[in-house]
$ cat structure.cif   # mmCIF, C-alpha atoms and all ligand atoms
data_start
#
loop_
_atom_site.label_atom_id
_atom_site.label_comp_id
_atom_site.auth_asym_id
_atom_site.auth_seq_id
_atom_site.Cartn_x
_atom_site.Cartn_y
_atom_site.Cartn_z
CA MET A 1 -37.10 117.50 -122.94
CA ARG A 2 -40.72 117.56 -124.12
CA LEU A 3 -44.06 116.65 -122.66
CA LEU A 4 -47.49 116.37 -124.31
CA ALA A 5 -50.88 116.95 -122.62
CA LEU A 6 -54.34 116.28 -124.03
CA PRO A 7 -57.65 118.03 -123.20
CA ASP A 8 -58.89 115.10 -121.10
CA GLY A 9 -56.16 115.89 -118.58
CA THR A 10 -53.87 113.00 -119.55
CA THR A 11 -50.29 113.11 -120.80
CA ALA A 12 -49.11 111.23 -123.89
CA ASP A 13 -45.86 110.30 -125.62
CA PRO A 14 -44.70 113.39 -127.60
CA ASP A 15 -42.76 111.14 -129.99
CA ALA A 16 -45.77 108.99 -130.92
CA PRO A 17 -48.11 109.99 -133.81
CA HIS A 18 -51.31 111.73 -132.65
CA ILE A 19 -52.45 113.91 -135.58
CA ARG A 20 -54.39 112.62 -138.61
CA VAL A 21 -52.84 113.35 -142.00
CA ASP A 22 -56.00 115.26 -143.01
CA ASP A 23 -55.89 117.56 -139.98
CA LEU A 24 -56.70 121.06 -141.25
CA GLY A 25 -54.06 122.54 -138.98
CA LEU A 26 -51.51 120.43 -140.84
CA THR A 27 -52.84 120.73 -144.40
CA ARG A 28 -54.00 124.37 -144.34
CA GLY A 29 -52.48 125.96 -141.24
CA ASP A 30 -56.10 126.40 -140.15
CA GLY A 31 -55.80 126.82 -136.41
CA VAL A 32 -54.46 129.03 -133.65
CA PHE A 33 -51.78 128.73 -131.00
CA GLU A 34 -50.14 130.39 -128.04
CA THR A 35 -46.71 129.90 -126.49
CA VAL A 36 -46.47 130.60 -122.78
CA LEU A 37 -43.40 130.88 -120.57
CA VAL A 38 -43.55 128.89 -117.34
CA VAL A 39 -41.02 129.69 -114.62
CA ASP A 40 -40.71 127.44 -111.56
CA GLY A 41 -44.14 126.00 -112.24
CA ARG A 42 -45.84 129.41 -112.69
CA PRO A 43 -47.16 130.31 -116.15
CA ARG A 44 -46.56 133.97 -117.00
CA GLU A 45 -49.49 136.04 -118.34
CA LEU A 46 -51.69 132.94 -118.71
CA THR A 47 -54.95 134.91 -118.69
CA ALA A 48 -53.66 137.29 -121.38
CA HIS A 49 -52.50 134.34 -123.51
CA LEU A 50 -55.84 132.53 -123.21
CA ASP A 51 -57.72 135.78 -123.93
CA ARG A 52 -55.62 136.17 -127.07
CA LEU A 53 -56.14 132.53 -128.09
CA GLU A 54 -59.90 133.09 -127.89
CA ARG A 55 -59.57 136.38 -129.81
CA SER A 56 -57.57 134.67 -132.58
CA ALA A 57 -60.10 131.82 -132.68
CA ARG A 58 -62.99 134.29 -133.06
CA MET A 59 -61.20 135.86 -136.04
CA LEU A 60 -61.09 132.38 -137.68
CA ASP A 61 -64.60 131.33 -136.56
CA LEU A 62 -62.83 128.45 -134.88
CA PRO A 63 -64.30 126.60 -131.92
CA VAL A 64 -61.87 126.29 -129.02
CA PRO A 65 -62.33 124.42 -125.75
CA ALA A 66 -63.75 126.17 -122.69
CA ARG A 67 -61.38 128.10 -120.40
CA ASP A 68 -61.31 125.41 -117.74
CA THR A 69 -60.23 122.80 -120.29
CA LEU A 70 -57.41 125.04 -121.50
CA GLU A 71 -56.38 125.77 -117.92
CA ARG A 72 -56.39 122.04 -117.17
CA LEU A 73 -54.00 121.48 -120.09
CA PHE A 74 -51.56 123.88 -118.45
CA ALA A 75 -52.03 122.39 -115.02
CA THR A 76 -51.32 118.93 -116.46
CA VAL A 77 -48.02 119.84 -118.13
CA VAL A 78 -46.86 122.03 -115.26
CA ALA A 79 -47.54 119.25 -112.74
CA ALA A 80 -45.80 116.62 -114.90
CA TRP A 81 -42.71 118.71 -115.76
CA PRO A 82 -39.90 117.23 -113.66
CA SER A 83 -37.52 120.17 -113.16
CA PRO A 84 -37.65 123.75 -111.82
CA GLY A 85 -36.59 126.74 -113.92
CA GLU A 86 -38.01 127.78 -117.28
CA MET A 87 -40.01 125.87 -119.85
CA ALA A 88 -42.28 126.83 -122.72
CA VAL A 89 -45.79 125.51 -123.29
CA LYS A 90 -47.33 125.69 -126.75
CA VAL A 91 -51.10 125.26 -126.90
CA VAL A 92 -52.49 124.38 -130.33
CA CYS A 93 -56.13 124.30 -131.48
CA THR A 94 -56.91 123.31 -135.09
CA ARG A 95 -60.15 122.87 -137.01
CA GLY A 96 -59.60 119.13 -136.77
CA ALA A 97 -59.64 116.44 -139.46
CA GLU A 98 -61.07 117.42 -142.86
CA TYR A 99 -62.88 114.09 -143.18
CA GLY A 100 -63.58 113.71 -139.47
CA ASP A 101 -66.52 114.48 -137.19
CA GLY A 102 -65.67 118.18 -136.72
CA THR A 103 -63.89 117.72 -133.40
CA PRO A 104 -61.10 120.31 -133.06
CA THR A 105 -57.58 119.03 -132.45
CA VAL A 106 -56.25 120.41 -129.17
CA PHE A 107 -53.02 119.74 -127.31
CA ALA A 108 -50.34 121.39 -125.19
CA LEU A 109 -46.68 120.64 -125.83
CA ALA A 110 -44.17 121.64 -123.16
CA PHE A 111 -40.51 121.93 -124.12
CA SER A 112 -37.20 123.14 -122.74
CA ILE A 113 -35.93 126.51 -123.85
CA GLU A 114 -32.95 126.37 -126.22
CA PRO A 115 -29.62 127.62 -124.80
CA HIS A 116 -29.22 130.02 -127.75
CA THR A 117 -32.53 131.68 -126.81
CA VAL A 118 -31.28 132.24 -123.27
CA GLU A 119 -27.94 133.45 -124.61
CA ARG A 120 -29.61 135.97 -126.93
CA ARG A 121 -31.35 137.66 -124.01
CA ARG A 122 -27.90 138.58 -122.69
CA ARG A 123 -26.05 139.27 -125.92
CA GLY A 124 -28.76 141.10 -127.88
CA ALA A 125 -29.43 140.71 -131.59
CA SER A 126 -28.62 142.10 -135.00
CA VAL A 127 -31.79 142.86 -136.95
CA VAL A 128 -32.77 143.51 -140.55
CA VAL A 129 -35.91 145.41 -141.53
CA LEU A 130 -37.93 143.42 -144.09
CA ASP A 131 -41.13 144.23 -145.99
CA ARG A 132 -44.29 142.53 -144.74
CA GLY A 133 -46.16 143.67 -147.85
CA PHE A 134 -49.35 145.22 -146.48
CA ASP A 135 -50.55 148.68 -145.63
CA PRO A 136 -52.05 149.06 -142.11
CA GLU A 137 -55.19 150.56 -143.65
CA VAL A 138 -56.07 147.14 -145.15
CA VAL A 139 -56.59 145.66 -141.67
CA GLU A 140 -60.15 146.99 -141.20
CA ARG A 141 -61.10 146.46 -144.85
CA ALA A 142 -59.94 142.84 -145.18
CA PRO A 143 -60.56 140.86 -141.99
CA TRP A 144 -60.06 137.61 -143.93
CA LEU A 145 -56.32 138.38 -144.05
CA LEU A 146 -56.38 137.54 -140.32
CA LEU A 147 -53.78 140.21 -139.61
CA GLY A 148 -53.14 140.20 -135.89
CA ALA A 149 -54.44 136.65 -135.32
CA LYS A 150 -51.97 134.10 -133.98
CA THR A 151 -52.74 131.43 -136.56
CA LEU A 152 -50.73 128.32 -137.38
CA SER A 153 -49.86 129.88 -140.79
CA TYR A 154 -46.39 131.03 -139.78
CA ALA A 155 -44.58 129.95 -142.99
CA VAL A 156 -44.10 133.62 -144.02
CA ASN A 157 -42.71 134.49 -140.57
CA MET A 158 -40.28 131.55 -140.69
CA ALA A 159 -39.21 132.42 -144.25
CA ALA A 160 -38.40 135.95 -143.09
CA GLN A 161 -36.28 134.50 -140.27
CA ARG A 162 -34.37 132.36 -142.78
CA HIS A 163 -33.93 135.36 -145.08
CA ALA A 164 -32.45 137.33 -142.16
CA ALA A 165 -30.10 134.44 -141.33
CA ALA A 166 -28.96 134.34 -144.98
CA LEU A 167 -28.13 138.04 -144.64
CA GLY A 168 -26.15 137.27 -141.47
CA ALA A 169 -28.71 138.82 -139.09
CA ASP A 170 -30.30 137.27 -135.99
CA GLU A 171 -33.78 138.73 -136.17
CA VAL A 172 -36.31 140.64 -138.30
CA ILE A 173 -38.44 143.74 -137.87
CA PHE A 174 -41.29 143.86 -140.39
CA ARG A 175 -42.07 147.13 -142.17
CA ALA A 176 -45.55 147.94 -143.53
CA ALA A 177 -46.05 149.29 -147.05
CA ASP A 178 -46.47 152.82 -145.60
CA GLY A 179 -43.03 152.66 -143.94
CA SER A 180 -44.29 152.08 -140.41
CA VAL A 181 -42.86 149.53 -138.00
CA LEU A 182 -44.98 146.39 -137.47
CA GLU A 183 -43.46 143.59 -135.35
CA GLY A 184 -40.94 140.77 -135.52
CA PRO A 185 -41.96 137.36 -136.93
CA THR A 186 -42.32 136.15 -133.33
CA SER A 187 -41.87 139.32 -131.27
CA THR A 188 -43.14 142.81 -130.48
CA VAL A 189 -41.02 145.92 -131.11
CA VAL A 190 -40.53 148.30 -128.18
CA VAL A 191 -38.37 151.43 -128.28
CA ALA A 192 -37.13 153.60 -125.41
CA GLU A 193 -36.86 157.36 -125.84
CA GLY A 194 -35.81 159.05 -122.63
CA ARG A 195 -38.15 157.65 -119.95
CA THR A 196 -40.84 156.72 -122.49
CA LEU A 197 -41.50 153.31 -124.01
CA ARG A 198 -43.29 153.13 -127.36
CA THR A 199 -44.76 150.25 -129.34
CA PRO A 200 -46.89 150.13 -132.53
CA PRO A 201 -50.66 149.60 -132.09
CA ALA A 202 -52.36 146.24 -132.70
CA SER A 203 -54.68 148.09 -135.11
CA SER A 204 -51.77 148.18 -137.58
CA GLY A 205 -52.30 144.44 -138.14
CA ILE A 206 -49.96 142.99 -135.53
CA LEU A 207 -50.37 140.72 -132.57
CA PRO A 208 -51.07 142.47 -129.25
CA GLY A 209 -48.05 141.23 -127.24
CA THR A 210 -48.48 139.85 -123.74
CA THR A 211 -44.82 140.55 -122.88
CA GLN A 212 -45.01 144.14 -124.17
CA SER A 213 -48.13 144.63 -122.08
CA ALA A 214 -46.46 143.20 -118.95
CA LEU A 215 -43.35 145.32 -119.55
CA PHE A 216 -45.41 148.50 -119.98
CA ARG A 217 -47.32 147.70 -116.77
CA ALA A 218 -44.03 147.25 -114.88
CA ALA A 219 -42.43 150.35 -116.43
CA GLU A 220 -45.45 152.55 -115.65
CA ARG A 221 -45.28 151.48 -112.01
CA ALA A 222 -41.63 152.58 -112.01
CA GLY A 223 -42.52 156.02 -113.38
CA TRP A 224 -41.97 155.48 -117.09
CA ALA A 225 -44.42 156.89 -119.63
CA THR A 226 -45.73 154.46 -122.26
CA LYS A 227 -47.22 155.11 -125.68
CA VAL A 228 -48.95 152.76 -128.11
CA GLU A 229 -48.71 154.64 -131.37
CA PRO A 230 -47.40 154.27 -134.93
CA LEU A 231 -43.63 154.20 -135.22
CA ARG A 232 -41.65 155.01 -138.37
CA VAL A 233 -38.72 152.79 -139.37
CA GLY A 234 -36.53 155.91 -139.41
CA GLU A 235 -37.26 156.46 -135.71
CA LEU A 236 -35.64 153.17 -134.71
CA ALA A 237 -32.08 154.37 -135.27
CA GLU A 238 -32.80 157.57 -133.31
CA ALA A 239 -34.17 155.82 -130.20
CA ASP A 240 -32.13 155.30 -127.03
CA GLY A 241 -32.94 151.60 -127.20
CA VAL A 242 -34.75 149.18 -129.52
CA PHE A 243 -35.98 145.89 -128.09
CA LEU A 244 -37.70 142.76 -129.35
CA VAL A 245 -39.91 141.24 -126.67
CA SER A 246 -41.85 138.00 -126.46
CA SER A 247 -42.78 135.36 -123.93
CA ILE A 248 -39.85 133.03 -124.58
CA ARG A 249 -37.11 135.46 -125.65
CA LYS A 250 -38.23 137.92 -122.89
CA ILE A 251 -36.45 141.22 -123.68
CA VAL A 252 -33.76 141.27 -126.36
CA ARG A 253 -31.86 144.46 -127.13
CA VAL A 254 -31.21 145.25 -130.79
CA HIS A 255 -27.54 146.14 -131.06
CA THR A 256 -27.32 146.39 -134.86
CA LEU A 257 -29.99 147.51 -137.32
CA ASP A 258 -29.54 146.90 -141.05
CA GLY A 259 -25.78 146.63 -140.48
CA VAL A 260 -25.51 149.87 -138.48
CA VAL A 261 -24.44 149.58 -134.83
CA LEU A 262 -26.96 151.30 -132.55
CA PRO A 263 -26.09 153.27 -129.38
CA ASP A 264 -25.29 150.87 -126.54
CA ALA A 265 -28.56 150.12 -124.72
CA THR A 266 -27.17 147.50 -122.33
CA ALA A 267 -27.93 149.58 -119.23
CA LEU A 268 -31.49 150.26 -120.44
CA TRP A 269 -31.92 146.57 -121.20
CA SER A 270 -30.79 145.66 -117.65
CA GLU A 271 -33.20 148.17 -116.14
CA LEU A 272 -36.17 147.02 -118.22
CA THR A 273 -35.36 143.35 -117.63
CA GLY A 274 -35.23 144.06 -113.88
CA LEU A 275 -38.64 145.75 -114.00
CA TYR A 276 -40.14 142.92 -116.08
CA GLU A 277 -38.75 140.16 -113.82
CA ALA A 278 -39.94 142.01 -110.68
CA GLU A 279 -43.51 141.58 -111.98
CA TYR A 280 -43.19 137.87 -111.20
CA ALA A 281 -41.03 137.95 -108.04
N1 LIG A 301 -45.80 139.07 -132.60
C1 LIG A 301 -45.80 137.83 -133.15
C2 LIG A 301 -46.07 137.70 -134.62
C3 LIG A 301 -45.56 136.70 -132.35
O1 LIG A 301 -45.59 135.48 -132.90
C4 LIG A 301 -45.29 136.87 -130.97
C5 LIG A 301 -45.04 135.72 -130.11
O2 LIG A 301 -44.65 134.68 -130.54
C6 LIG A 301 -45.29 138.17 -130.45
C7 LIG A 301 -45.56 139.25 -131.28
C8 LIG A 301 -45.00 138.40 -128.99
O3 LIG A 301 -46.08 137.98 -128.21
P1 LIG A 301 -45.93 137.56 -126.69
O4 LIG A 301 -45.19 138.64 -126.00
O5 LIG A 301 -47.33 137.46 -126.22
O6 LIG A 301 -45.20 136.26 -126.66
#
$ encode --input "structure.cif" --output "structure tokens" --more "lines below"
Ligand code: PLP
Amino acid sequence: MRLLALPDGTTADPDAPHIRVDDLGLTRGDGVFETVLVVDGRPRELTAHLDRLERSARMLDLPVPARDTLERLFATVVAAWPSPGEMAVKVVCTRGAEYGDGTPTVFALAFSIEPHTVERRRRGASVVVLDRGFDPEVVERAPWLLLGAKTLSYAVNMAAQRHAAALGADEVIFRAADGSVLEGPTSTVVVAEGRTLRTPPASSGILPGTTQSALFRAAERAGWATKVEPLRVGELAEADGVFLVSSIRKIVRVHTLDGVVLPDATALWSELTGLYEAEYA
């Protein structure tokens, strides 16, 4: 099931062509996006997602529509979606047609969440650590690399996913050139050590995660300590739990890392999932 909304507040046929062949989002990946989880008609962390969309757009010098237009896109798809439960909404803003009048291309596509995504939340994932090929110290020096922007240029992220699948793994954790943990191709890494949650900082060239932020908020309220600080790859295997978190996958426990089975973190996963879900009860 899919549903398409346009900035003027109308819906359109998601199977009909809408994008010009010279759209710079299509030909150069020149644009930004966000994917938001909606549960029973309520978008989760919408403000944080729209803040991040605007932050990414600033990094690309990309004009994006005003907040109320973006919010209207969400309201349109949420109102038109026929069933309760979960759905995902992907908002895309590109630089528009190369030979056009400069108008950005903007749309929101709502879609059902795949059963295997739901299943993975329960079963957990096997993960391989793969090189991302940059040193965190390049982030400040080379802003044109757009590290930490959620751009449409996700071909590298998808290639890493395919590489993991070829190795028989479900997911990826990227490693920086200095051996520190970055993020997954579409997720944030969170580890539990005792009653402390840790995640790497956005300043290392990764996306600041809205789910990680919501989870930390919930965990702090329940008495957990939280730390945003560099994490070494070697620390993953020593943690009480390693998790990949994102809006659509929610919280996924890593049960196997580079072929080595990690200590069972099912109870921790249940506790953290309970805290995260209670944020939206
Ligand atoms: N890091 C990357 C590269 C992502 O693409 C995503 C989401 O797709 C995340 C982290 C997790 O972000 P969020 O929790 O806001 O969905």
$ closest_residue --input "structure.cif" --among "A:Arg175, A:Lys227, A:Arg20, A:His163" --to "Val190 of chain A" --atoms "all atoms listed in the file"
A:Lys227
$ residues_around --input "structure.cif" --residues "Ala57 of chain A" --least-positions-apart "2" --cutoff "9 Å" --atoms "only C-alpha atoms" --output "mmCIF file with C-alpha atoms, in the frame of the given file"
data_model
loop_
_atom_site.group_PDB
_atom_site.id
_atom_site.type_symbol
_atom_site.label_atom_id
_atom_site.label_comp_id
_atom_site.auth_asym_id
_atom_site.auth_seq_id
_atom_site.Cartn_x
_atom_site.Cartn_y
_atom_site.Cartn_z
ATOM 1 C CA GLY A 31 -55.800 126.820 -136.410
ATOM 2 C CA VAL A 32 -54.460 129.030 -133.650
ATOM 3 C CA ARG A 52 -55.620 136.170 -127.070
ATOM 4 C CA LEU A 53 -56.140 132.530 -128.090
ATOM 5 C CA GLU A 54 -59.900 133.090 -127.890
ATOM 6 C CA ARG A 55 -59.570 136.380 -129.810
ATOM 7 C CA MET A 59 -61.200 135.860 -136.040
ATOM 8 C CA LEU A 60 -61.090 132.380 -137.680
ATOM 9 C CA ASP A 61 -64.600 131.330 -136.560
ATOM 10 C CA LEU A 62 -62.830 128.450 -134.880
ATOM 11 C CA PRO A 63 -64.300 126.600 -131.920
ATOM 12 C CA VAL A 64 -61.870 126.290 -129.020
ATOM 13 C CA CYS A 93 -56.130 124.300 -131.480
ATOM 14 C CA ALA A 149 -54.440 136.650 -135.320
ATOM 15 C CA LYS A 150 -51.970 134.100 -133.980
ATOM 16 C CA THR A 151 -52.740 131.430 -136.560
#
$ residues_near_point --input "structure.cif" --point "(-35.3, 149.2, -127.9)" --cutoff "8 Å" --atoms "all atoms listed in the file" --output "list in words"
Val189, Val190, Val191, Ala192, Leu236, Ala239, Asp240, Gly241, Val242, Phe243, Leu244, Arg253, Val254, Ala265 and Trp269 of chain A
$ residues_near_ligand --input "structure.cif" --ligand "ligand LIG 301 (chain A)" --cutoff "6 Å" --atoms "only C-alpha atoms and all ligand atoms" --output "ChimeraX atom specification"
/A:183-188,207,209-212,245-247
$ residues_around --input "structure.cif" --residues "Arg67 of chain A" --least-positions-apart "2" --cutoff "10 Å" --atoms "all atoms listed in the file" --output "PyMOL selection string"
chain A and resi 47+50-51+54+64-65+69-73
$ closest_residue --input "structure.cif" --among "A:Val260, A:Leu26, A:Ile251, A:Val128" --to "Leu152 of chain A" --atoms "all atoms listed in the file"
A:Leu26
$ residues_around --input "structure.cif" --residues "Gly102 of chain A" --least-positions-apart "2" --cutoff "12 Å" --atoms "all atoms listed in the file" --output "number ranges by chain"
A: 22-24, 62-64, 94-100, 104-105
$ closest_residue --input "structure.cif" --among "A:Asp178, A:Glu279, A:Glu235, A:Asp264" --to "Ala214 of chain A" --atoms "all atoms listed in the file"
A:Glu279
$ closest_residue --input "structure.cif" --among "A:Ala66, A:Val261, A:Leu215, A:Ala176" --to "Leu275 of chain A" --atoms "all atoms listed in the file"
A:Leu215
$ atom_distance --input "structure.cif" --atom1 "atom CA of Met1 of chain A" --atom2 "atom CA of Ser112 of chain A"
5.6 Å
$ closest_residue --input "structure.cif" --among "A:Ala48, A:Ala108, A:Ala79, A:Val181" --to "Gly133 of chain A" --atoms "only C-alpha atoms"
A:Val181
$ atom_distance --input "structure.cif" --atom1 "atom CA of Phe74 of chain A" --atom2 "atom CA of Ile248 of chain A"
16.1 Å
$ atom_distance --input "structure.cif" --atom1 "atom CA of Thr35 of chain A" --atom2 "atom CA of His49 of chain A"
7.9 Å
$ closest_residue --input "structure.cif" --among "A:Pro136, A:Asp258, A:Glu119, A:Arg221" --to "Ala164 of chain A" --atoms "only C-alpha atoms"
A:Asp258
$ residues_near_point --input "structure.cif" --point "(-46.0, 125.4, -125.1)" --cutoff "8 Å" --atoms "only C-alpha atoms" --output "list in words"
Glu34, Thr35, Val36, Leu37, Met87, Ala88, Val89, Lys90, Val91, Ala108, Leu109, Ala110 and Phe111 of chain A
$ axis_aligned_box --input "structure.cif" --around "segment 195-204 of chain A" --padding-each-side "8 Å" --output "lines of an AutoDock Vina configuration file"
center_x = -46.4
center_y = 151.9
center_z = -128.8
size_x = 32.5
size_y = 27.4
size_z = 33.6
$ residues_around --input "structure.cif" --residues "Asp40 of chain A" --least-positions-apart "4" --cutoff "7 Å" --atoms "all atoms listed in the file" --output "ChimeraX atom specification"
/A:84-86
